[in-house]
$ cat my_file_29.cif   # mmCIF, N, CA and C atoms
data_input
loop_
_atom_site.label_atom_id
_atom_site.label_comp_id
_atom_site.auth_asym_id
_atom_site.auth_seq_id
_atom_site.Cartn_x
_atom_site.Cartn_y
_atom_site.Cartn_z
N MET A 1 16.96 -15.14 4.54
CA MET A 1 15.97 -15.89 5.29
C MET A 1 14.59 -15.32 4.98
N VAL A 2 13.66 -16.15 4.58
CA VAL A 2 12.31 -15.72 4.28
C VAL A 2 11.44 -16.01 5.49
N ARG A 3 10.71 -15.01 5.92
CA ARG A 3 9.80 -15.16 7.05
C ARG A 3 8.42 -15.44 6.50
N GLU A 4 7.83 -16.53 6.92
CA GLU A 4 6.50 -16.91 6.44
C GLU A 4 5.47 -16.23 7.34
N LEU A 5 4.81 -15.23 6.82
CA LEU A 5 3.79 -14.50 7.57
C LEU A 5 2.50 -14.54 6.77
N GLY A 6 1.44 -14.98 7.34
CA GLY A 6 0.22 -15.03 6.57
C GLY A 6 -1.02 -14.80 7.39
N VAL A 7 -0.86 -14.41 8.61
CA VAL A 7 -2.02 -14.30 9.48
C VAL A 7 -2.60 -12.89 9.46
N SER A 8 -1.75 -11.89 9.58
CA SER A 8 -2.29 -10.54 9.70
C SER A 8 -1.35 -9.50 9.13
N VAL A 9 -1.93 -8.40 8.75
CA VAL A 9 -1.15 -7.28 8.26
C VAL A 9 -0.29 -6.70 9.38
N GLN A 10 -0.71 -6.87 10.62
CA GLN A 10 0.08 -6.38 11.76
C GLN A 10 1.44 -7.08 11.82
N ARG A 11 1.47 -8.36 11.47
CA ARG A 11 2.75 -9.09 11.49
C ARG A 11 3.67 -8.60 10.39
N VAL A 12 3.12 -8.28 9.23
CA VAL A 12 3.94 -7.74 8.15
C VAL A 12 4.44 -6.35 8.56
N ALA A 13 3.56 -5.54 9.14
CA ALA A 13 3.96 -4.21 9.60
C ALA A 13 5.04 -4.32 10.66
N GLY A 14 4.91 -5.29 11.55
CA GLY A 14 5.92 -5.51 12.58
C GLY A 14 7.27 -5.88 11.98
N ALA A 15 7.25 -6.70 10.94
CA ALA A 15 8.49 -7.07 10.26
C ALA A 15 9.14 -5.84 9.65
N ARG A 16 8.32 -4.97 9.06
CA ARG A 16 8.85 -3.73 8.45
C ARG A 16 9.49 -2.86 9.52
N VAL A 17 8.79 -2.67 10.63
CA VAL A 17 9.29 -1.82 11.71
C VAL A 17 10.56 -2.41 12.33
N SER A 18 10.65 -3.73 12.38
CA SER A 18 11.82 -4.37 13.00
C SER A 18 13.03 -4.41 12.08
N GLY A 19 12.90 -3.87 10.87
CA GLY A 19 14.05 -3.77 10.00
C GLY A 19 14.11 -4.78 8.87
N ALA A 20 13.09 -5.59 8.72
CA ALA A 20 13.08 -6.54 7.61
C ALA A 20 12.96 -5.77 6.29
N VAL A 21 13.26 -6.43 5.22
CA VAL A 21 13.03 -5.87 3.90
C VAL A 21 11.89 -6.65 3.26
N PRO A 22 11.16 -6.03 2.35
CA PRO A 22 9.98 -6.69 1.78
C PRO A 22 10.24 -8.08 1.20
N ALA A 23 11.39 -8.28 0.58
CA ALA A 23 11.68 -9.58 -0.03
C ALA A 23 11.80 -10.69 1.01
N GLU A 24 12.01 -10.35 2.28
CA GLU A 24 12.12 -11.34 3.35
C GLU A 24 10.77 -11.82 3.86
N VAL A 25 9.72 -11.12 3.48
CA VAL A 25 8.40 -11.40 4.03
C VAL A 25 7.51 -12.00 2.95
N VAL A 26 6.96 -13.16 3.22
CA VAL A 26 6.03 -13.79 2.29
C VAL A 26 4.66 -13.79 2.95
N ALA A 27 3.81 -12.91 2.49
CA ALA A 27 2.46 -12.79 3.04
C ALA A 27 1.53 -13.68 2.23
N SER A 28 0.73 -14.48 2.90
CA SER A 28 -0.13 -15.39 2.16
C SER A 28 -1.59 -14.96 2.11
N ASP A 29 -1.99 -14.01 2.96
CA ASP A 29 -3.37 -13.54 2.89
C ASP A 29 -3.42 -12.25 2.08
N VAL A 30 -4.59 -11.90 1.60
CA VAL A 30 -4.75 -10.77 0.68
C VAL A 30 -4.32 -9.46 1.31
N GLU A 31 -4.80 -9.16 2.50
CA GLU A 31 -4.50 -7.88 3.13
C GLU A 31 -2.99 -7.71 3.34
N SER A 32 -2.33 -8.74 3.82
CA SER A 32 -0.89 -8.67 4.05
C SER A 32 -0.12 -8.56 2.74
N ALA A 33 -0.60 -9.24 1.71
CA ALA A 33 0.05 -9.14 0.40
C ALA A 33 -0.08 -7.73 -0.17
N LEU A 34 -1.24 -7.12 0.00
CA LEU A 34 -1.42 -5.74 -0.46
C LEU A 34 -0.47 -4.80 0.28
N TYR A 35 -0.39 -4.96 1.60
CA TYR A 35 0.52 -4.15 2.41
C TYR A 35 1.95 -4.34 1.93
N SER A 36 2.33 -5.60 1.71
CA SER A 36 3.69 -5.90 1.25
C SER A 36 3.98 -5.27 -0.10
N ALA A 37 3.00 -5.28 -0.99
CA ALA A 37 3.19 -4.68 -2.31
C ALA A 37 3.45 -3.18 -2.20
N VAL A 38 2.67 -2.50 -1.38
CA VAL A 38 2.85 -1.06 -1.21
C VAL A 38 4.18 -0.77 -0.52
N TRP A 39 4.50 -1.54 0.50
CA TRP A 39 5.77 -1.38 1.22
C TRP A 39 6.94 -1.56 0.25
N ALA A 40 6.92 -2.66 -0.51
CA ALA A 40 8.01 -2.93 -1.44
C ALA A 40 8.15 -1.80 -2.47
N TRP A 41 7.02 -1.34 -3.00
CA TRP A 41 7.06 -0.25 -3.98
C TRP A 41 7.67 1.00 -3.34
N SER A 42 7.30 1.27 -2.09
CA SER A 42 7.76 2.49 -1.43
C SER A 42 9.27 2.52 -1.22
N VAL A 43 9.91 1.35 -1.17
CA VAL A 43 11.36 1.30 -1.00
C VAL A 43 12.08 0.97 -2.30
N GLY A 44 11.34 0.95 -3.41
CA GLY A 44 11.95 0.75 -4.71
C GLY A 44 12.17 -0.69 -5.12
N ASP A 45 11.58 -1.63 -4.38
CA ASP A 45 11.70 -3.05 -4.73
C ASP A 45 10.53 -3.43 -5.62
N VAL A 46 10.66 -3.13 -6.90
CA VAL A 46 9.57 -3.31 -7.85
C VAL A 46 9.23 -4.78 -8.06
N VAL A 47 10.24 -5.64 -8.07
CA VAL A 47 10.00 -7.07 -8.29
C VAL A 47 9.16 -7.65 -7.15
N THR A 48 9.54 -7.37 -5.90
CA THR A 48 8.78 -7.87 -4.76
C THR A 48 7.39 -7.24 -4.73
N ALA A 49 7.30 -5.97 -5.08
CA ALA A 49 5.99 -5.31 -5.12
C ALA A 49 5.06 -6.02 -6.09
N HIS A 50 5.57 -6.35 -7.25
CA HIS A 50 4.75 -7.03 -8.25
C HIS A 50 4.35 -8.43 -7.79
N ARG A 51 5.30 -9.16 -7.23
CA ARG A 51 4.99 -10.51 -6.74
C ARG A 51 3.91 -10.48 -5.66
N ALA A 52 4.02 -9.53 -4.74
CA ALA A 52 3.02 -9.42 -3.67
C ALA A 52 1.67 -9.01 -4.24
N ALA A 53 1.66 -8.12 -5.22
CA ALA A 53 0.41 -7.71 -5.86
C ALA A 53 -0.25 -8.89 -6.56
N VAL A 54 0.55 -9.70 -7.24
CA VAL A 54 0.02 -10.89 -7.91
C VAL A 54 -0.56 -11.86 -6.88
N ARG A 55 0.14 -12.03 -5.75
CA ARG A 55 -0.35 -12.90 -4.68
C ARG A 55 -1.71 -12.40 -4.17
N ALA A 56 -1.82 -11.09 -3.98
CA ALA A 56 -3.09 -10.52 -3.52
C ALA A 56 -4.18 -10.74 -4.56
N ARG A 57 -3.85 -10.58 -5.80
CA ARG A 57 -4.83 -10.76 -6.89
C ARG A 57 -5.32 -12.20 -6.96
N ARG A 58 -4.41 -13.15 -6.76
CA ARG A 58 -4.82 -14.55 -6.73
C ARG A 58 -5.78 -14.83 -5.58
N GLY A 59 -5.53 -14.19 -4.45
CA GLY A 59 -6.38 -14.40 -3.28
C GLY A 59 -7.72 -13.69 -3.37
N ASP A 60 -7.78 -12.63 -4.18
CA ASP A 60 -9.01 -11.86 -4.34
C ASP A 60 -9.14 -11.45 -5.81
N PRO A 61 -9.53 -12.40 -6.67
CA PRO A 61 -9.58 -12.12 -8.11
C PRO A 61 -10.47 -10.94 -8.49
N GLY A 62 -11.46 -10.63 -7.68
CA GLY A 62 -12.35 -9.51 -7.99
C GLY A 62 -11.92 -8.21 -7.35
N GLY A 63 -10.84 -8.23 -6.59
CA GLY A 63 -10.40 -7.03 -5.86
C GLY A 63 -9.79 -5.99 -6.77
N GLU A 64 -10.35 -4.81 -6.72
CA GLU A 64 -9.90 -3.72 -7.59
C GLU A 64 -8.50 -3.23 -7.21
N LEU A 65 -8.21 -3.11 -5.92
CA LEU A 65 -6.89 -2.64 -5.52
C LEU A 65 -5.81 -3.62 -5.97
N ALA A 66 -6.05 -4.90 -5.76
CA ALA A 66 -5.06 -5.90 -6.20
C ALA A 66 -4.88 -5.84 -7.72
N ARG A 67 -5.97 -5.73 -8.45
CA ARG A 67 -5.87 -5.64 -9.91
C ARG A 67 -5.04 -4.44 -10.34
N LEU A 68 -5.31 -3.30 -9.73
CA LEU A 68 -4.58 -2.09 -10.09
C LEU A 68 -3.12 -2.16 -9.69
N LEU A 69 -2.83 -2.76 -8.54
CA LEU A 69 -1.43 -2.90 -8.13
C LEU A 69 -0.66 -3.82 -9.07
N VAL A 70 -1.30 -4.88 -9.52
CA VAL A 70 -0.64 -5.77 -10.49
C VAL A 70 -0.33 -4.99 -11.75
N GLU A 71 -1.29 -4.24 -12.23
CA GLU A 71 -1.09 -3.44 -13.44
C GLU A 71 0.00 -2.39 -13.23
N PHE A 72 -0.06 -1.68 -12.13
CA PHE A 72 0.88 -0.59 -11.85
C PHE A 72 2.30 -1.12 -11.70
N THR A 73 2.46 -2.23 -10.98
CA THR A 73 3.80 -2.75 -10.72
C THR A 73 4.37 -3.54 -11.89
N SER A 74 3.53 -3.86 -12.88
CA SER A 74 4.02 -4.60 -14.04
C SER A 74 4.84 -3.71 -14.96
N GLY A 75 4.74 -2.41 -14.79
CA GLY A 75 5.47 -1.49 -15.65
C GLY A 75 4.68 -1.04 -16.85
N ASP A 76 3.50 -1.64 -17.06
CA ASP A 76 2.69 -1.30 -18.23
C ASP A 76 1.82 -0.06 -18.01
N ALA A 77 1.69 0.37 -16.75
CA ALA A 77 0.75 1.45 -16.45
C ALA A 77 1.37 2.84 -16.55
N GLY A 78 2.67 2.92 -16.71
CA GLY A 78 3.30 4.23 -16.82
C GLY A 78 3.78 4.77 -15.50
N GLY A 79 3.09 4.49 -14.40
CA GLY A 79 3.51 4.91 -13.07
C GLY A 79 3.56 6.41 -12.91
N GLY A 80 3.90 6.83 -11.73
CA GLY A 80 4.14 8.22 -11.45
C GLY A 80 2.94 9.05 -11.06
N VAL A 81 1.74 8.60 -11.31
CA VAL A 81 0.56 9.42 -11.05
C VAL A 81 0.45 9.79 -9.58
N TYR A 82 0.61 8.84 -8.70
CA TYR A 82 0.43 9.11 -7.28
C TYR A 82 1.72 9.56 -6.60
N GLU A 83 2.79 9.69 -7.36
CA GLU A 83 4.04 10.17 -6.79
C GLU A 83 4.07 11.69 -6.73
N SER A 84 3.14 12.34 -7.40
CA SER A 84 3.09 13.78 -7.42
C SER A 84 1.90 14.26 -6.59
N PRO A 85 2.16 14.97 -5.48
CA PRO A 85 1.03 15.47 -4.68
C PRO A 85 0.08 16.34 -5.48
N ALA A 86 0.60 17.15 -6.38
CA ALA A 86 -0.26 18.02 -7.18
C ALA A 86 -1.19 17.20 -8.08
N ALA A 87 -0.67 16.13 -8.66
CA ALA A 87 -1.50 15.28 -9.52
C ALA A 87 -2.60 14.61 -8.70
N PHE A 88 -2.26 14.15 -7.51
CA PHE A 88 -3.26 13.49 -6.67
C PHE A 88 -4.32 14.50 -6.23
N ARG A 89 -3.91 15.69 -5.83
CA ARG A 89 -4.89 16.72 -5.44
C ARG A 89 -5.83 17.04 -6.59
N ALA A 90 -5.29 17.16 -7.79
CA ALA A 90 -6.13 17.44 -8.96
C ALA A 90 -7.11 16.30 -9.19
N PHE A 91 -6.67 15.06 -9.01
CA PHE A 91 -7.55 13.91 -9.20
C PHE A 91 -8.69 13.92 -8.18
N ILE A 92 -8.38 14.10 -6.90
CA ILE A 92 -9.44 14.02 -5.90
C ILE A 92 -10.40 15.20 -5.99
N ARG A 93 -9.92 16.35 -6.41
CA ARG A 93 -10.82 17.50 -6.54
C ARG A 93 -11.71 17.39 -7.77
N GLY A 94 -11.24 16.67 -8.77
CA GLY A 94 -12.02 16.53 -10.00
C GLY A 94 -12.80 15.24 -10.06
N GLY A 95 -12.63 14.38 -9.07
CA GLY A 95 -13.29 13.08 -9.07
C GLY A 95 -14.76 13.20 -8.70
N GLY A 96 -15.46 12.10 -8.81
CA GLY A 96 -16.89 12.10 -8.57
C GLY A 96 -17.28 11.92 -7.12
N ASN A 97 -16.31 11.68 -6.23
CA ASN A 97 -16.66 11.44 -4.84
C ASN A 97 -15.85 12.35 -3.92
N VAL A 98 -15.94 13.63 -4.15
CA VAL A 98 -15.18 14.63 -3.41
C VAL A 98 -15.49 14.54 -1.91
N GLY A 99 -16.74 14.31 -1.54
CA GLY A 99 -17.11 14.20 -0.13
C GLY A 99 -16.36 13.08 0.57
N LEU A 100 -16.23 11.95 -0.09
CA LEU A 100 -15.49 10.82 0.49
C LEU A 100 -14.04 11.21 0.72
N TYR A 101 -13.40 11.80 -0.29
CA TYR A 101 -12.00 12.19 -0.15
C TYR A 101 -11.82 13.23 0.96
N GLU A 102 -12.75 14.17 1.07
CA GLU A 102 -12.66 15.17 2.15
C GLU A 102 -12.78 14.51 3.51
N ALA A 103 -13.69 13.55 3.64
CA ALA A 103 -13.86 12.84 4.91
C ALA A 103 -12.62 12.03 5.26
N VAL A 104 -12.07 11.32 4.28
CA VAL A 104 -10.87 10.52 4.52
C VAL A 104 -9.69 11.43 4.87
N SER A 105 -9.57 12.55 4.17
CA SER A 105 -8.49 13.49 4.47
C SER A 105 -8.60 14.02 5.89
N GLY A 106 -9.82 14.31 6.33
CA GLY A 106 -10.02 14.79 7.70
C GLY A 106 -9.63 13.75 8.74
N VAL A 107 -10.02 12.51 8.51
CA VAL A 107 -9.67 11.43 9.44
C VAL A 107 -8.16 11.23 9.46
N LEU A 108 -7.54 11.20 8.28
CA LEU A 108 -6.09 11.04 8.23
C LEU A 108 -5.36 12.18 8.92
N ARG A 109 -5.84 13.40 8.73
CA ARG A 109 -5.23 14.55 9.41
C ARG A 109 -5.23 14.34 10.92
N GLU A 110 -6.37 13.89 11.44
CA GLU A 110 -6.50 13.66 12.89
C GLU A 110 -5.56 12.54 13.35
N VAL A 111 -5.50 11.44 12.59
CA VAL A 111 -4.61 10.34 12.96
C VAL A 111 -3.16 10.80 12.93
N TYR A 112 -2.76 11.53 11.89
CA TYR A 112 -1.39 12.02 11.80
C TYR A 112 -1.07 12.95 12.96
N ARG A 113 -2.02 13.81 13.31
CA ARG A 113 -1.80 14.74 14.42
C ARG A 113 -1.61 13.96 15.72
N ARG A 114 -2.44 12.96 15.93
CA ARG A 114 -2.43 12.21 17.18
C ARG A 114 -1.25 11.22 17.24
N GLU A 115 -1.01 10.47 16.17
CA GLU A 115 -0.03 9.39 16.19
C GLU A 115 1.37 9.84 15.75
N ARG A 116 1.45 10.90 14.96
CA ARG A 116 2.72 11.42 14.45
C ARG A 116 3.54 10.32 13.77
N PRO A 117 2.97 9.63 12.78
CA PRO A 117 3.69 8.53 12.13
C PRO A 117 4.90 9.04 11.35
N GLY A 118 5.89 8.15 11.24
CA GLY A 118 7.10 8.52 10.49
C GLY A 118 6.92 8.37 8.99
N SER A 119 5.94 7.57 8.58
CA SER A 119 5.67 7.37 7.16
C SER A 119 4.21 6.96 6.99
N VAL A 120 3.74 6.97 5.77
CA VAL A 120 2.35 6.60 5.51
C VAL A 120 2.09 5.16 5.94
N LEU A 121 3.06 4.28 5.75
CA LEU A 121 2.86 2.88 6.11
C LEU A 121 2.77 2.66 7.62
N ASP A 122 3.27 3.60 8.42
CA ASP A 122 3.13 3.48 9.88
C ASP A 122 1.68 3.61 10.27
#

$ encode --input "my_file_29.cif" --output "structure tokens"
Amino acid sequence: MVRELGVSVQRVAGARVSGAVPAEVVASDVESALYSAVWAWSVGDVVTAHRAAVRARRGDPGGELARLLVEFTSGDAGGGVYESPAAFRAFIRGGGNVGLYEAVSGVLREVYRRERPGSVLD
């Protein structure tokens, strides 16, 4: 059964929390499609991740995240870069916007401390 969700990312998140699988959720707006792509990738559903990324790209042709997700999920990008915490730490420390990453890391630390999420998608 495919659930037609296209209003908000909260509805897609709710489907995930309620036990749905990414292939059951068809997100029609860009934000929900991006969420679905990341969710599907996180559970190893590469086909659904790619389809959701393509949907997001169609909805936002100039969107950098959608473009990168399409590339990453297509299998042509090599993958694995963000699966290694050490690689990500090296990237953010060597990048040109260290202040931004430090600020985001601080905010995320506070949210994790306060909310105690079970996963990044929570």

$ atom_distance --input "my_file_29.cif" --atom1 "CA of Ala37 (chain A)" --atom2 "atom N of His50 (chain A)"
5.7 Å

$ atom_distance --input "my_file_29.cif" --atom1 "CA of Ala27 (chain A)" --atom2 "atom N of Thr48 (chain A)"
12.6 Å

$ atom_distance --input "my_file_29.cif" --atom1 "CA of Ala40 (chain A)" --atom2 "CA of Thr73 (chain A)"
10.2 Å

$ residues_around --input "my_file_29.cif" --residues "Asp45 (chain A)" --least-positions-apart "6" --cutoff "8 Å" --atoms "all atoms listed in the file" --output "JSON list (two decimals) with N, CA and C atoms, in the frame of the given file"
[["chain", "number", "residue", "atom", "x", "y", "z"],
["A", 22, "PRO", "N", 11.16, -6.03, 2.35],
["A", 22, "PRO", "CA", 9.98, -6.69, 1.78],
["A", 22, "PRO", "C", 10.24, -8.08, 1.20],
["A", 23, "ALA", "N", 11.39, -8.28, 0.58],
["A", 23, "ALA", "CA", 11.68, -9.58, -0.03],
["A", 23, "ALA", "C", 11.80, -10.69, 1.01],
["A", 37, "ALA", "N", 3.00, -5.28, -0.99],
["A", 37, "ALA", "CA", 3.19, -4.68, -2.31],
["A", 37, "ALA", "C", 3.45, -3.18, -2.20],
["A", 39, "TRP", "N", 4.50, -1.54, 0.50],
["A", 39, "TRP", "CA", 5.77, -1.38, 1.22],
["A", 39, "TRP", "C", 6.94, -1.56, 0.25],
["A", 51, "ARG", "N", 5.30, -9.16, -7.23],
["A", 51, "ARG", "CA", 4.99, -10.51, -6.74],
["A", 51, "ARG", "C", 3.91, -10.48, -5.66]]

$ decode --input "my_file_29.cif" --residues "region 45-69 of chain A" --atoms "N, CA, C and O atoms" --output "PDB file, in the first residue's frame"
ATOM      1  N   ASP A  45      17.694   1.183   1.334  1.00  0.00           N
ATOM      2  CA  ASP A  45      16.804   1.118   0.176  1.00  0.00           C
ATOM      3  C   ASP A  45      17.282   2.126  -0.864  1.00  0.00           C
ATOM      4  O   ASP A  45      16.764   3.234  -0.983  1.00  0.00           O
ATOM      5  N   VAL A  46      18.280   1.726  -1.628  1.00  0.00           N
ATOM      6  CA  VAL A  46      18.940   2.622  -2.574  1.00  0.00           C
ATOM      7  C   VAL A  46      18.004   3.038  -3.706  1.00  0.00           C
ATOM      8  O   VAL A  46      18.026   4.197  -4.144  1.00  0.00           O
ATOM      9  N   VAL A  47      17.163   2.129  -4.167  1.00  0.00           N
ATOM     10  CA  VAL A  47      16.254   2.440  -5.270  1.00  0.00           C
ATOM     11  C   VAL A  47      15.265   3.533  -4.857  1.00  0.00           C
ATOM     12  O   VAL A  47      15.077   4.527  -5.571  1.00  0.00           O
ATOM     13  N   THR A  48      14.639   3.374  -3.689  1.00  0.00           N
ATOM     14  CA  THR A  48      13.696   4.387  -3.207  1.00  0.00           C
ATOM     15  C   THR A  48      14.421   5.691  -2.913  1.00  0.00           C
ATOM     16  O   THR A  48      13.895   6.769  -3.184  1.00  0.00           O
ATOM     17  N   ALA A  49      15.624   5.608  -2.379  1.00  0.00           N
ATOM     18  CA  ALA A  49      16.403   6.823  -2.106  1.00  0.00           C
ATOM     19  C   ALA A  49      16.635   7.600  -3.395  1.00  0.00           C
ATOM     20  O   ALA A  49      16.462   8.826  -3.432  1.00  0.00           O
ATOM     21  N   HIS A  50      17.001   6.906  -4.438  1.00  0.00           N
ATOM     22  CA  HIS A  50      17.261   7.577  -5.715  1.00  0.00           C
ATOM     23  C   HIS A  50      15.977   8.174  -6.290  1.00  0.00           C
ATOM     24  O   HIS A  50      15.972   9.316  -6.760  1.00  0.00           O
ATOM     25  N   ARG A  51      14.893   7.418  -6.245  1.00  0.00           N
ATOM     26  CA  ARG A  51      13.618   7.932  -6.763  1.00  0.00           C
ATOM     27  C   ARG A  51      13.181   9.193  -6.021  1.00  0.00           C
ATOM     28  O   ARG A  51      12.714  10.158  -6.627  1.00  0.00           O
ATOM     29  N   ALA A  52      13.318   9.182  -4.700  1.00  0.00           N
ATOM     30  CA  ALA A  52      12.933  10.356  -3.908  1.00  0.00           C
ATOM     31  C   ALA A  52      13.852  11.533  -4.216  1.00  0.00           C
ATOM     32  O   ALA A  52      13.397  12.681  -4.301  1.00  0.00           O
ATOM     33  N   ALA A  53      15.138  11.275  -4.388  1.00  0.00           N
ATOM     34  CA  ALA A  53      16.083  12.339  -4.731  1.00  0.00           C
ATOM     35  C   ALA A  53      15.741  12.950  -6.086  1.00  0.00           C
ATOM     36  O   ALA A  53      15.776  14.174  -6.255  1.00  0.00           O
ATOM     37  N   VAL A  54      15.389  12.108  -7.045  1.00  0.00           N
ATOM     38  CA  VAL A  54      14.999  12.598  -8.373  1.00  0.00           C
ATOM     39  C   VAL A  54      13.733  13.445  -8.259  1.00  0.00           C
ATOM     40  O   VAL A  54      13.625  14.509  -8.879  1.00  0.00           O
ATOM     41  N   ARG A  55      12.773  12.998  -7.442  1.00  0.00           N
ATOM     42  CA  ARG A  55      11.539  13.762  -7.232  1.00  0.00           C
ATOM     43  C   ARG A  55      11.859  15.140  -6.646  1.00  0.00           C
ATOM     44  O   ARG A  55      11.309  16.154  -7.067  1.00  0.00           O
ATOM     45  N   ALA A  56      12.768  15.176  -5.678  1.00  0.00           N
ATOM     46  CA  ALA A  56      13.162  16.456  -5.077  1.00  0.00           C
ATOM     47  C   ALA A  56      13.841  17.341  -6.110  1.00  0.00           C
ATOM     48  O   ALA A  56      13.591  18.549  -6.172  1.00  0.00           O
ATOM     49  N   ARG A  57      14.668  16.757  -6.928  1.00  0.00           N
ATOM     50  CA  ARG A  57      15.392  17.520  -7.964  1.00  0.00           C
ATOM     51  C   ARG A  57      14.423  18.120  -8.984  1.00  0.00           C
ATOM     52  O   ARG A  57      14.594  19.259  -9.411  1.00  0.00           O
ATOM     53  N   ARG A  58      13.403  17.346  -9.351  1.00  0.00           N
ATOM     54  CA  ARG A  58      12.393  17.874 -10.275  1.00  0.00           C
ATOM     55  C   ARG A  58      11.656  19.056  -9.661  1.00  0.00           C
ATOM     56  O   ARG A  58      11.322  20.010 -10.351  1.00  0.00           O
ATOM     57  N   GLY A  59      11.395  18.980  -8.367  1.00  0.00           N
ATOM     58  CA  GLY A  59      10.676  20.054  -7.683  1.00  0.00           C
ATOM     59  C   GLY A  59      11.528  21.279  -7.429  1.00  0.00           C
ATOM     60  O   GLY A  59      11.006  22.378  -7.242  1.00  0.00           O
ATOM     61  N   ASP A  60      12.848  21.091  -7.378  1.00  0.00           N
ATOM     62  CA  ASP A  60      13.770  22.194  -7.114  1.00  0.00           C
ATOM     63  C   ASP A  60      15.013  22.006  -7.987  1.00  0.00           C
ATOM     64  O   ASP A  60      16.069  21.604  -7.502  1.00  0.00           O
ATOM     65  N   PRO A  61      14.891  22.303  -9.286  1.00  0.00           N
ATOM     66  CA  PRO A  61      16.000  22.051 -10.212  1.00  0.00           C
ATOM     67  C   PRO A  61      17.305  22.743  -9.833  1.00  0.00           C
ATOM     68  O   PRO A  61      18.379  22.258 -10.179  1.00  0.00           O
ATOM     69  N   GLY A  62      17.236  23.843  -9.108  1.00  0.00           N
ATOM     70  CA  GLY A  62      18.447  24.551  -8.717  1.00  0.00           C
ATOM     71  C   GLY A  62      18.970  24.144  -7.352  1.00  0.00           C
ATOM     72  O   GLY A  62      20.000  24.640  -6.897  1.00  0.00           O
ATOM     73  N   GLY A  63      18.279  23.232  -6.682  1.00  0.00           N
ATOM     74  CA  GLY A  63      18.655  22.841  -5.323  1.00  0.00           C
ATOM     75  C   GLY A  63      19.903  21.983  -5.289  1.00  0.00           C
ATOM     76  O   GLY A  63      19.970  20.929  -5.921  1.00  0.00           O
ATOM     77  N   GLU A  64      20.880  22.438  -4.550  1.00  0.00           N
ATOM     78  CA  GLU A  64      22.164  21.734  -4.473  1.00  0.00           C
ATOM     79  C   GLU A  64      22.031  20.401  -3.742  1.00  0.00           C
ATOM     80  O   GLU A  64      22.611  19.403  -4.163  1.00  0.00           O
ATOM     81  N   LEU A  65      21.277  20.354  -2.651  1.00  0.00           N
ATOM     82  CA  LEU A  65      21.135  19.097  -1.915  1.00  0.00           C
ATOM     83  C   LEU A  65      20.460  18.044  -2.786  1.00  0.00           C
ATOM     84  O   LEU A  65      20.907  16.902  -2.851  1.00  0.00           O
ATOM     85  N   ALA A  66      19.399  18.423  -3.469  1.00  0.00           N
ATOM     86  CA  ALA A  66      18.716  17.466  -4.349  1.00  0.00           C
ATOM     87  C   ALA A  66      19.666  16.987  -5.449  1.00  0.00           C
ATOM     88  O   ALA A  66      19.723  15.793  -5.753  1.00  0.00           O
ATOM     89  N   ARG A  67      20.409  17.896  -6.043  1.00  0.00           N
ATOM     90  CA  ARG A  67      21.358  17.515  -7.095  1.00  0.00           C
ATOM     91  C   ARG A  67      22.381  16.518  -6.572  1.00  0.00           C
ATOM     92  O   ARG A  67      22.655  15.493  -7.203  1.00  0.00           O
ATOM     93  N   LEU A  68      22.927  16.800  -5.405  1.00  0.00           N
ATOM     94  CA  LEU A  68      23.938  15.912  -4.836  1.00  0.00           C
ATOM     95  C   LEU A  68      23.355  14.563  -4.441  1.00  0.00           C
ATOM     96  O   LEU A  68      24.004  13.526  -4.613  1.00  0.00           O
ATOM     97  N   LEU A  69      22.133  14.557  -3.916  1.00  0.00           N
ATOM     98  CA  LEU A  69      21.510  13.285  -3.558  1.00  0.00           C
ATOM     99  C   LEU A  69      21.242  12.426  -4.795  1.00  0.00           C
ATOM    100  O   LEU A  69      21.415  11.211  -4.754  1.00  0.00           O
TER     101      LEU A  69
END
